[in-house]
Amino acid sequence: MFGIFRKPASIGIDLGTANTLMYLSGQGIVLDQPSVVAINKKSGELLKSGKPAKQMIGKTPENIETVRPVRDGVIANKAATDLMMQSFMKNSNTQNANAPRMVIGVPSCITDIERLAVREAGILASREVHLIDETVAAAIGAGLPINEPTGSMIVDIGGGTTDVAVLSLGAPVTSESVRVAGDEITESIAAYLKQKYSLIVGETTSEDIKLTIGSAHQSASGEINQIEVCGLNCQTGLPQSVTVTSGEICGAIQEPLRFINDAIKKVLDNVPAELAADVYTNGIVLAGGGALIPGISELITESTGLRTMVANDPLHCVVNGCGEVVENWEEYKNCVSQQEA
């Protein structure tokens, strides 16, 4: 019996600092994995990728290195990125897809050289690689009417960058991108613990604290308002545990949140008068993992005076937006770069 011939699927990718997500046309999201690889230092062989590699961070012997190849929204380690992409393509059954088209979300602040590196990573699966501003992709994924002559404001708080834009007629009218986002919020927690308690903790522990009791506004503390944290006392050199409250963590992360707020205000200062009325009416939509920090919408509303809401499924806004573009190419092709790699 003959098998059914299936046309190669186009691919949408959110190549993020924290996570890489892939969307296949006609199938939806087929991969959502941490952007981490574990590599044998001597041979250069890929050992693990995604979640298994992330679980190895800070716990490897000398001959194994865990690498986060994407930093601040751009490719920081090309060889590791290529290994990661090859592994992810294999795991999502796209390694031999010969995709007719690929759309990859990128921060608006990256340089031409950084854009070229992203294109080259995409060539692994498609000869036609297009880049799309992450604010545009996030807005599409959030269901905003970006192709209409009306102002839509999106704030995408990822792992490495925060991208802010007011969009109209398919493109940013005014935008700002800062390399302050989820990673810096996590790092600020580790810095606080070291300063206050002389406690050294790893990236994984800091992230767990952020996810468990982190909040951006004092009014938004959840059911769990304290947590026991284990680490190494840098004065005694011995293991130690301390109890940390949600109020402490809220205070510890205010500095990176201030940078994000400043970026939002800068965009608002540059909005044309006609679009400013739309933004005032429609408010601000938050996307990305940072949008899930409790109280962040209240913090931004308090700072700007504008209604702020979290998009439905904020973690997947960018990849769903990239997917919407490949599914409806004619409608959205003017939203992407037209250069082919």
# chains A, B, ... in the order shown; residues from 1 in each chain; ligands from 1

$ select_by_dssp --residues "stretch 98-133 of chain A" --states "helix (DSSP H, G or I)" --output "list in words"
Asp112, Ile113, Glu114, Arg115, Leu116, Ala117, Val118, Arg119, Glu120, Ala121 and Gly122 of chain A

$ write_last_selection --atoms "N, CA and C atoms" --output "compact mmCIF listing (two decimals), in the first residue's frame"
# COMPACT_ATOMS: atom_id res chain seq x y z
N ASP A 112 23.60 43.57 11.97
CA ASP A 112 23.55 42.83 10.70
C ASP A 112 24.33 41.53 10.79
N ILE A 113 25.47 41.55 11.48
CA ILE A 113 26.26 40.33 11.64
C ILE A 113 25.50 39.30 12.46
N GLU A 114 24.82 39.76 13.50
CA GLU A 114 24.03 38.85 14.32
C GLU A 114 22.84 38.30 13.54
N ARG A 115 22.26 39.11 12.68
CA ARG A 115 21.16 38.64 11.82
C ARG A 115 21.66 37.55 10.86
N LEU A 116 22.87 37.77 10.32
CA LEU A 116 23.44 36.80 9.40
C LEU A 116 23.65 35.45 10.10
N ALA A 117 24.10 35.49 11.34
CA ALA A 117 24.32 34.26 12.10
C ALA A 117 23.00 33.49 12.29
N VAL A 118 21.92 34.22 12.54
CA VAL A 118 20.61 33.57 12.69
C VAL A 118 20.17 32.94 11.37
N ARG A 119 20.37 33.67 10.26
CA ARG A 119 20.03 33.12 8.94
C ARG A 119 20.80 31.83 8.67
N GLU A 120 22.09 31.85 8.97
CA GLU A 120 22.92 30.68 8.71
C GLU A 120 22.46 29.48 9.54
N ALA A 121 21.99 29.74 10.75
CA ALA A 121 21.46 28.66 11.57
C ALA A 121 20.21 28.07 10.94
N GLY A 122 19.42 28.92 10.30
CA GLY A 122 18.18 28.46 9.67
C GLY A 122 18.40 27.66 8.41

$ residues_around --residues "stretch 63-68 of chain A" --least-positions-apart "4" --cutoff "12 Å" --atoms "only C-alpha atoms" --output "PyMOL selection string"
chain A and resi 15-20+34-59+72-81+83-84+159-160+183+203

$ residues_around --residues "A:Val310" --least-positions-apart "5" --cutoff "12 Å" --atoms "only C-alpha atoms" --output "MDAnalysis selection string"
chainID A and resid 138:139 142 153:157 283:298 300:301 315 317

$ atom_distance --atom1 "atom CA of A:Ile11" --atom2 "atom CA of A:Val326"
6.9 Å

$ residues_around --residues "A:Ile185" --least-positions-apart "3" --cutoff "12 Å" --atoms "only C-alpha atoms" --output "PyMOL selection string"
chain A and resi 157-162+179-182+188-192+203+206-211+214-216+249-260+289-290+293

$ closest_residue --among "A:Arg71, A:Arg101, A:Arg307, A:Lys90" --to "A:Trp329" --atoms "only C-alpha atoms"
A:Arg101

$ closest_residue --among "A:Met309, A:Ile110, A:Ala277, A:Met102" --to "A:Asp163" --atoms "only C-alpha atoms"
A:Ile110
